[in-house]
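S.K.: Pasting final-v5.cif below, which is mmCIF, C-alpha atoms.
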data_final
#
loop_
_atom_site.label_atom_id
_atom_site.label_comp_id
_atom_site.auth_asym_id
_atom_site.auth_seq_id
_atom_site.Cartn_x
_atom_site.Cartn_y
_atom_site.Cartn_z
CA MET T 30 223.68 134.87 -17.57
CA LEU T 31 220.78 134.11 -15.28
CA ASP T 32 221.89 131.90 -12.40
CA LEU T 33 219.48 131.55 -9.50
CA ASP T 34 221.75 129.31 -7.44
CA PHE T 35 222.93 131.59 -4.64
CA GLY T 36 224.72 128.90 -2.65
CA LYS T 37 225.00 129.53 1.09
CA TYR T 38 223.26 132.91 0.79
CA GLU T 39 220.14 131.48 -0.86
CA GLY T 40 217.95 131.66 2.26
CA PHE T 41 218.79 135.33 2.93
CA ILE T 42 218.28 136.44 -0.68
CA TRP T 43 214.97 134.65 -1.27
CA ALA T 44 213.68 135.72 2.12
CA ALA T 45 214.46 139.37 1.29
CA TYR T 46 212.76 139.14 -2.11
CA GLY T 47 209.82 137.15 -0.73
CA ILE T 48 209.14 139.62 2.09
CA SER T 49 209.46 142.57 -0.33
CA ALA T 50 206.97 140.97 -2.75
CA LEU T 51 204.58 140.23 0.11
CA VAL T 52 204.70 143.81 1.41
CA PHE T 53 204.09 145.19 -2.09
CA VAL T 54 201.10 142.87 -2.60
CA LEU T 55 199.66 143.81 0.81
CA LEU T 56 200.13 147.55 0.22
CA THR T 57 198.56 147.29 -3.25
CA VAL T 58 195.57 145.20 -2.15
CA ALA T 59 194.97 147.32 0.97
CA SER T 60 195.16 150.59 -1.02
CA LEU T 61 192.83 149.37 -3.80
CA ARG T 62 190.32 147.91 -1.32
CA PHE T 63 190.37 151.09 0.79
CA SER T 64 189.72 153.28 -2.24
CA ALA T 65 187.02 150.99 -3.72
CA HIS T 66 185.23 150.65 -0.36
CA TRP T 67 184.95 154.39 0.25
CA LYS T 68 184.02 155.14 -3.35
CA ARG T 69 181.14 152.67 -3.05
CA GLN T 70 180.08 154.13 0.32
CA ALA T 71 180.19 157.72 -0.95
CA GLU T 72 178.15 156.84 -4.04
CA GLN T 73 175.54 154.98 -1.99
CA LEU T 74 175.16 157.89 0.44
CA LYS T 75 174.94 160.36 -2.44
CA ALA T 76 172.17 158.24 -3.98
CA GLN T 77 170.33 158.27 -0.64
CA GLU T 78 170.66 162.06 -0.46
CA ASP T 79 169.36 162.43 -4.01
CA ALA T 80 166.42 160.15 -3.24
CA ARG T 81 165.45 162.29 -0.21
CA SER T 82 165.64 165.59 -2.03
CA MET K 16 190.63 163.10 -8.93
CA ALA K 17 190.74 163.34 -12.73
CA PHE K 18 194.57 163.34 -12.64
CA SER K 19 194.81 160.30 -10.40
CA ARG K 20 192.34 158.34 -12.57
CA TRP K 21 194.87 158.05 -15.38
CA ALA K 22 198.12 158.72 -13.50
CA ALA K 23 197.79 155.91 -10.93
CA PRO K 24 197.53 153.07 -13.50
CA LEU K 25 200.25 154.74 -15.58
CA PHE K 26 202.64 154.84 -12.61
CA GLY K 27 201.65 151.29 -11.69
CA GLY K 28 202.41 149.99 -15.19
CA LEU K 29 205.67 151.90 -15.26
CA ALA K 30 206.65 150.40 -11.89
CA VAL K 31 206.07 146.86 -13.19
CA LEU K 32 208.09 147.47 -16.38
CA LEU K 33 210.97 149.10 -14.51
CA ALA K 34 210.98 146.36 -11.86
CA ILE K 35 211.05 143.57 -14.47
CA THR K 36 213.99 145.23 -16.26
CA GLY K 37 215.80 146.05 -13.02
CA LEU K 38 215.34 142.55 -11.61
CA TRP K 39 216.50 140.92 -14.85
CA LEU K 40 219.67 143.03 -14.91
CA GLY K 41 220.11 142.52 -11.17
CA PHE K 42 219.86 138.74 -11.33
CA THR K 43 222.07 138.46 -14.41
CA ALA K 44 224.79 140.69 -12.93
CA PRO K 45 227.94 138.87 -11.76
CA GLU K 46 228.62 138.22 -8.08
CA ASP K 47 230.31 141.04 -6.20
CA TYR K 48 233.92 140.18 -5.33
CA GLN K 49 233.34 140.96 -1.62
CA GLN K 50 229.61 140.50 -1.03
CA GLY K 51 229.12 137.53 -3.33
CA ASP K 52 225.49 136.93 -4.27
CA THR K 53 224.18 138.99 -1.34
CA VAL K 54 224.77 142.06 -3.52
CA ARG K 55 221.37 141.19 -5.04
CA ILE K 56 219.70 142.19 -1.76
CA MET K 57 221.02 145.72 -2.42
CA PHE K 58 218.69 146.01 -5.44
CA ILE K 59 215.68 145.90 -3.10
CA HIS K 60 217.23 147.21 0.12
CA VAL K 61 218.61 150.52 -1.19
CA PRO K 62 215.38 151.53 -3.06
CA ALA K 63 213.32 150.73 0.05
CA ALA K 64 215.68 152.82 2.20
CA TRP K 65 215.57 155.78 -0.22
CA LEU K 66 211.79 155.55 -0.52
CA SER K 67 211.43 155.48 3.27
CA MET K 68 213.00 158.96 3.30
CA PHE K 69 211.30 160.17 0.11
CA ALA K 70 207.88 159.20 1.47
CA TYR K 71 208.65 161.11 4.67
CA ILE K 72 209.66 164.19 2.66
CA CYS K 73 206.27 163.95 0.86
CA LEU K 74 204.56 163.52 4.24
CA GLY K 75 206.43 166.54 5.61
CA ILE K 76 205.63 168.82 2.65
CA ALA K 77 201.96 167.79 2.65
CA SER K 78 201.79 168.31 6.43
CA PHE K 79 203.34 171.77 6.09
CA LEU K 80 200.78 172.73 3.42
CA SER K 81 197.99 171.30 5.53
CA LEU K 82 199.13 173.21 8.63
CA VAL K 83 199.73 176.56 6.91
CA PHE K 84 196.97 176.64 4.29
CA ARG K 85 194.46 174.31 6.00
CA HIS K 86 194.14 172.49 2.70
CA ALA K 87 192.06 169.31 3.02
CA LEU K 88 193.75 167.63 0.03
CA ALA K 89 197.18 168.26 1.56
CA ASP K 90 196.02 166.59 4.77
CA ALA K 91 194.63 163.65 2.77
CA ALA K 92 197.98 163.39 0.97
CA ALA K 93 199.90 163.42 4.25
CA LYS K 94 197.65 160.80 5.82
CA SER K 95 197.92 158.60 2.71
CA ALA K 96 201.73 158.74 2.59
CA ALA K 97 202.21 157.44 6.15
CA PRO K 98 201.31 153.74 5.73
CA LEU K 99 203.29 153.55 2.49
CA GLY K 100 206.32 155.15 4.10
CA ALA K 101 206.03 152.78 7.05
CA GLY K 102 205.93 149.84 4.64
CA PHE K 103 209.08 150.97 2.81
CA THR K 104 210.90 151.64 6.09
CA ALA K 105 209.98 148.20 7.41
CA LEU K 106 211.29 146.70 4.16
CA ALA K 107 214.54 148.67 4.46
CA LEU K 108 215.05 147.39 8.02
CA VAL K 109 214.17 143.76 7.25
CA THR K 110 216.12 143.47 3.98
CA GLY K 111 219.06 145.28 5.58
CA SER K 112 219.00 142.78 8.41
CA LEU K 113 218.88 139.88 5.94
CA TRP K 114 221.97 141.34 4.25
CA GLY K 115 223.71 142.15 7.54
CA ARG K 116 223.53 138.63 8.98
CA PRO K 117 225.76 136.98 6.33
CA MET K 118 227.96 140.08 5.74
CA TRP K 119 228.38 141.58 9.21
CA GLY K 120 227.66 138.42 11.18
CA THR K 121 224.73 140.01 13.00
CA TRP K 122 221.07 140.76 12.35
CA TRP K 123 221.20 144.13 14.11
CA VAL K 124 223.59 146.63 15.68
CA TRP K 125 222.72 149.87 17.48
CA ASP K 126 224.61 151.72 14.82
CA ALA K 127 223.78 155.37 13.99
CA ARG K 128 222.29 154.59 10.55
CA LEU K 129 220.23 151.61 11.65
CA THR K 130 219.00 153.34 14.79
CA SER K 131 218.00 156.53 12.96
CA VAL K 132 216.05 154.48 10.39
CA LEU K 133 214.32 152.68 13.27
CA VAL K 134 213.44 156.12 14.70
CA LEU K 135 212.02 157.03 11.27
CA PHE K 136 209.85 153.91 11.39
CA LEU K 137 208.66 154.87 14.88
CA PHE K 138 207.72 158.34 13.60
CA TYR K 139 205.53 156.72 10.94
CA LEU K 140 203.90 154.48 13.55
CA ALA K 141 203.39 157.43 15.92
CA TYR K 142 201.80 159.46 13.10
CA MET K 143 199.35 156.67 12.28
CA ALA K 144 198.60 155.99 15.95
CA LEU K 145 197.90 159.67 16.60
CA ARG K 146 195.62 159.78 13.54
CA SER K 147 193.52 156.90 14.74
CA ALA K 148 193.47 158.16 18.34
CA LEU K 149 191.82 161.50 17.56
CA ASP K 150 188.19 161.53 16.38
CA ASP K 151 188.13 165.21 15.46
CA GLU K 152 189.50 165.43 11.89
CA THR K 153 190.68 169.04 12.25
CA LYS K 154 192.51 168.43 15.52
CA ALA K 155 193.99 165.20 14.16
CA ALA K 156 195.23 166.96 11.02
CA ARG K 157 196.92 169.71 13.04
CA ALA K 158 198.47 167.43 15.68
CA CYS K 159 199.73 164.97 13.05
CA ALA K 160 201.14 167.77 10.89
CA ILE K 161 203.16 169.08 13.85
CA LEU K 162 204.40 165.57 14.63
CA ALA K 163 205.37 165.05 10.98
CA LEU K 164 207.29 168.34 10.90
CA VAL K 165 209.16 167.42 14.08
CA GLY K 166 210.10 164.11 12.47
CA LEU K 167 211.71 165.91 9.53
CA VAL K 168 214.65 166.66 11.84
CA ASN K 169 215.51 162.96 11.72
CA LEU K 170 216.00 162.87 7.93
CA PRO K 171 219.41 164.63 7.84
CA VAL K 172 220.47 162.38 10.71
CA VAL K 173 219.54 159.29 8.66
CA HIS K 174 221.34 160.59 5.58
CA TRP K 175 224.55 161.87 7.18
CA SER K 176 224.77 159.44 10.10
CA VAL K 177 227.41 157.43 8.21
CA ASN K 178 229.57 160.57 7.97
CA TRP K 179 228.92 162.01 11.42
CA TRP K 180 229.62 158.84 13.42
CA ASN K 181 231.74 155.73 13.06
CA SER K 182 229.28 153.37 11.49
CA LEU K 183 229.28 149.72 10.55
CA HIS K 184 227.00 150.71 7.68
CA GLN K 185 228.85 151.57 4.49
CA GLY K 186 229.25 155.23 3.56
CA VAL K 187 227.70 157.19 0.70
CA THR K 188 228.16 155.12 -2.47
CA VAL K 189 225.88 156.43 -5.22
CA PHE K 190 226.10 160.17 -4.44
CA ALA K 191 229.78 160.08 -3.47
CA LYS K 192 232.08 162.97 -4.40
CA GLY K 193 233.61 162.27 -7.79
CA GLY K 194 230.76 160.00 -8.91
CA PRO K 195 229.26 156.70 -7.80
CA LYS K 196 231.66 154.22 -6.19
CA MET K 197 229.87 151.35 -7.87
CA ALA K 198 230.39 149.49 -11.13
CA PRO K 199 227.75 150.23 -13.81
CA VAL K 200 226.76 146.56 -13.86
CA PHE K 201 225.36 147.06 -10.34
CA LEU K 202 224.49 150.75 -10.58
CA VAL K 203 222.10 150.44 -13.56
CA PRO K 204 219.80 147.77 -12.05
CA LEU K 205 219.93 149.61 -8.72
CA LEU K 206 218.76 152.89 -10.27
CA LEU K 207 216.08 151.09 -12.30
CA MET K 208 214.77 149.53 -9.10
CA VAL K 209 214.80 152.93 -7.38
CA LEU K 210 212.68 154.31 -10.23
CA ALA K 211 210.38 151.27 -10.01
CA TYR K 212 209.87 151.83 -6.27
CA MET K 213 209.23 155.55 -6.86
CA ALA K 214 206.64 154.78 -9.55
CA ALA K 215 204.99 152.20 -7.27
CA PHE K 216 204.89 154.74 -4.45
CA GLY K 217 203.37 157.33 -6.81
CA ALA K 218 200.66 154.89 -7.96
CA LEU K 219 199.76 153.69 -4.46
CA TRP K 220 199.86 157.19 -3.01
CA LEU K 221 197.39 158.44 -5.63
CA VAL K 222 195.08 155.46 -5.03
CA ARG K 223 195.12 156.10 -1.28
CA ILE K 224 194.54 159.84 -1.70
CA ARG K 225 191.50 159.03 -3.89
CA GLY K 226 190.23 156.67 -1.23
CA GLU K 227 190.71 159.30 1.47
CA VAL K 228 188.82 161.89 -0.58
CA TRP K 229 185.96 159.39 -1.07
CA ARG K 230 185.97 158.67 2.68
CA ARG K 231 185.62 162.36 3.48
CA ARG K 232 182.82 162.73 0.95
CA ALA K 233 181.04 159.76 2.53
CA ASP K 234 181.47 161.27 6.02
CA ALA K 235 180.11 164.61 4.82
CA ALA K 236 177.12 162.92 3.13
CA LEU K 237 176.45 160.91 6.29
CA SER K 238 176.45 164.10 8.39
CA ARG K 239 174.03 165.79 5.99
CA LEU K 240 171.72 162.76 6.05
CA ALA K 241 171.80 162.69 9.86
CA ARG K 242 170.77 166.36 10.02
CA THR K 243 167.78 165.95 7.70
#
Starting from the file, give its structure as structure tokens.
M.R.:
Amino acid sequence: MLDLDFGKYEGFIWAAYGISALVFVLLTVASLRFSAHWKRQAEQLKAQEDARS
Amino acid sequence: MAFSRWAAPLFGGLAVLLAITGLWLGFTAPEDYQQGDTVRIMFIHVPAAWLSMFAYICLGIASFLSLVFRHALADAAAKSAAPLGAGFTALALVTGSLWGRPMWGTWWVWDARLTSVLVLFLFYLAYMALRSALDDETKAARACAILALVGLVNLPVVHWSVNWWNSLHQGVTVFAKGGPKMAPVFLVPLLLMVLAYMAAFGALWLVRIRGEVWRRRADAALSRLART
């Protein structure tokens, strides 16, 4: 049965889950942004190269 | 690149499904007779701790391949694993501390297991610092690969520290001789969460490797444009 009342340990448990969720969100956003940024840069530079040649 | 295009979202979706199932089973499991509700921290602490070592093994293997075969993709893989490994290690330390305060009565002790995991975290930070300190990609790849290989020595210390020294940290539970010393009601959600963390690591690692490959392509294109 689902019971989310953790009594005196509530603060420790939710803090652990909250921090874990935050780190996962940060890692995911940072990784996706990093990849998207450099893909865009590489494609723009390739287009510039093609335009010159 | 073609592999990561379909594999990264697949691993990501798998991670979400496994995490939802693992968390549901974890939150519906009964309280532990000794730890009470804090046993639920184990479902996120243990996977983070295992992944901190798994990510370092990946970093070590990729660094070895980069050093021996001078393979650019291996170097990109090593570089991409470091921030993820650092994230998992930080999570292992923080969630462990949040479990330790109510159970041990302290946030931190200079215990062999905790200290060796802190050293692991410092190796990740040193790797990333060295990367960003060196402008020359080839020199950075070689220096970081050597540092990563040196850091591999710490992994057996992390794993066996609870056997080698008197430790406040509990001993081997899941891989204990004679089978896991844990009731299935806790073991199943724990293993599901481990798989979820592994799938998440796989997805994020592939995304970062793709990004690193694009970055190198952009750098190469920029150099060609500067020459013409």
S.K.: Nearest to T:Tyr46 among K:Ser78, K:Thr43, K:Leu113, K:Trp123, with distances taken over only C-alpha atoms: which residue is it?
M.R.: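 Checking each candidate against T:Tyr46, we get K:Leu113 as the closest.
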S.K.: Applied to this file, what does the PyMOL selection byres ((chain K) within 8 of (chain T)) return in terms of residues, put as a PyMOL selection string?
M.R.: chain K and resi 42-44+52-53+55-56+59+99+102+106+109-110+113-114+117+219+222-223+225-227+229-230+232-234+236-237+240
S.K.: Could you work out how far atom CA of K:Ala92 lies from atom CA of K:Phe79, giving the answer in Å with one decimal?
M.R.: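 Computing it gives 11.2 Å between the two atoms.
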S.K.: Would you mind reading off the distance between atom CA of K:Leu29 and atom CA of K:Ala215, one decimal, in Å?
M.R.: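 Pair atom CA of K:Leu29 / atom CA of K:Ala215 returns 8.0 Å.
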S.K.: Taking into account all atoms listed in the file, which residue in the set K:Met57, K:Gln49, K:Ala141, K:Pro62 is nearest to K:Leu210?
M.R.: K:Pro62
S.K.: Working from the structure I just supplied, which lacks atoms in stretch 56-74 of chain T, can you model N, CA and C atoms there and output them as a PDB file, in the coordinates of the input?
M.R.:
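File selection12.pdb, as written:
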ATOM      1  N   LEU T  56     200.362 146.105   0.369  1.00  0.00           N
ATOM      2  CA  LEU T  56     200.130 147.550   0.220  1.00  0.00           C
ATOM      3  C   LEU T  56     199.187 147.822  -0.961  1.00  0.00           C
ATOM      4  N   THR T  57     199.389 147.080  -2.065  1.00  0.00           N
ATOM      5  CA  THR T  57     198.560 147.290  -3.250  1.00  0.00           C
ATOM      6  C   THR T  57     197.115 146.885  -2.979  1.00  0.00           C
ATOM      7  N   VAL T  58     196.929 145.686  -2.421  1.00  0.00           N
ATOM      8  CA  VAL T  58     195.570 145.200  -2.150  1.00  0.00           C
ATOM      9  C   VAL T  58     194.870 146.107  -1.138  1.00  0.00           C
ATOM     10  N   ALA T  59     195.574 146.470  -0.070  1.00  0.00           N
ATOM     11  CA  ALA T  59     194.970 147.320   0.970  1.00  0.00           C
ATOM     12  C   ALA T  59     194.578 148.680   0.383  1.00  0.00           C
ATOM     13  N   SER T  60     195.447 149.262  -0.453  1.00  0.00           N
ATOM     14  CA  SER T  60     195.160 150.590  -1.020  1.00  0.00           C
ATOM     15  C   SER T  60     193.969 150.521  -1.974  1.00  0.00           C
ATOM     16  N   LEU T  61     193.931 149.497  -2.838  1.00  0.00           N
ATOM     17  CA  LEU T  61     192.830 149.370  -3.800  1.00  0.00           C
ATOM     18  C   LEU T  61     191.505 149.096  -3.084  1.00  0.00           C
ATOM     19  N   ARG T  62     191.555 148.239  -2.068  1.00  0.00           N
ATOM     20  CA  ARG T  62     190.320 147.910  -1.320  1.00  0.00           C
ATOM     21  C   ARG T  62     189.802 149.129  -0.574  1.00  0.00           C
ATOM     22  N   PHE T  63     190.737 149.880   0.046  1.00  0.00           N
ATOM     23  CA  PHE T  63     190.370 151.090   0.790  1.00  0.00           C
ATOM     24  C   PHE T  63     189.666 152.084  -0.129  1.00  0.00           C
ATOM     25  N   SER T  64     190.275 152.308  -1.291  1.00  0.00           N
ATOM     26  CA  SER T  64     189.720 153.280  -2.240  1.00  0.00           C
ATOM     27  C   SER T  64     188.363 152.809  -2.777  1.00  0.00           C
ATOM     28  N   ALA T  65     188.272 151.528  -3.157  1.00  0.00           N
ATOM     29  CA  ALA T  65     187.020 150.990  -3.720  1.00  0.00           C
ATOM     30  C   ALA T  65     185.909 151.021  -2.678  1.00  0.00           C
ATOM     31  N   HIS T  66     186.237 150.674  -1.436  1.00  0.00           N
ATOM     32  CA  HIS T  66     185.230 150.650  -0.360  1.00  0.00           C
ATOM     33  C   HIS T  66     184.614 152.029  -0.159  1.00  0.00           C
ATOM     34  N   TRP T  67     185.461 153.050  -0.045  1.00  0.00           N
ATOM     35  CA  TRP T  67     184.950 154.390   0.250  1.00  0.00           C
ATOM     36  C   TRP T  67     184.284 155.036  -0.952  1.00  0.00           C
ATOM     37  N   LYS T  68     184.706 154.645  -2.151  1.00  0.00           N
ATOM     38  CA  LYS T  68     184.020 155.140  -3.350  1.00  0.00           C
ATOM     39  C   LYS T  68     182.589 154.608  -3.367  1.00  0.00           C
ATOM     40  N   ARG T  69     182.455 153.304  -3.073  1.00  0.00           N
ATOM     41  CA  ARG T  69     181.140 152.670  -3.050  1.00  0.00           C
ATOM     42  C   ARG T  69     180.261 153.314  -1.971  1.00  0.00           C
ATOM     43  N   GLN T  70     180.832 153.524  -0.786  1.00  0.00           N
ATOM     44  CA  GLN T  70     180.080 154.130   0.320  1.00  0.00           C
ATOM     45  C   GLN T  70     179.600 155.534  -0.045  1.00  0.00           C
ATOM     46  N   ALA T  71     180.535 156.328  -0.601  1.00  0.00           N
ATOM     47  CA  ALA T  71     180.190 157.720  -0.950  1.00  0.00           C
ATOM     48  C   ALA T  71     179.092 157.751  -2.008  1.00  0.00           C
ATOM     49  N   GLU T  72     179.171 156.854  -2.977  1.00  0.00           N
ATOM     50  CA  GLU T  72     178.150 156.840  -4.040  1.00  0.00           C
ATOM     51  C   GLU T  72     176.792 156.406  -3.501  1.00  0.00           C
ATOM     52  N   GLN T  73     176.806 155.437  -2.590  1.00  0.00           N
ATOM     53  CA  GLN T  73     175.540 154.980  -1.990  1.00  0.00           C
ATOM     54  C   GLN T  73     174.891 156.097  -1.179  1.00  0.00           C
ATOM     55  N   LEU T  74     175.687 156.800  -0.395  1.00  0.00           N
ATOM     56  CA  LEU T  74     175.160 157.890   0.440  1.00  0.00           C
ATOM     57  C   LEU T  74     174.664 159.045  -0.424  1.00  0.00           C
TER      58      LEU T  74
END
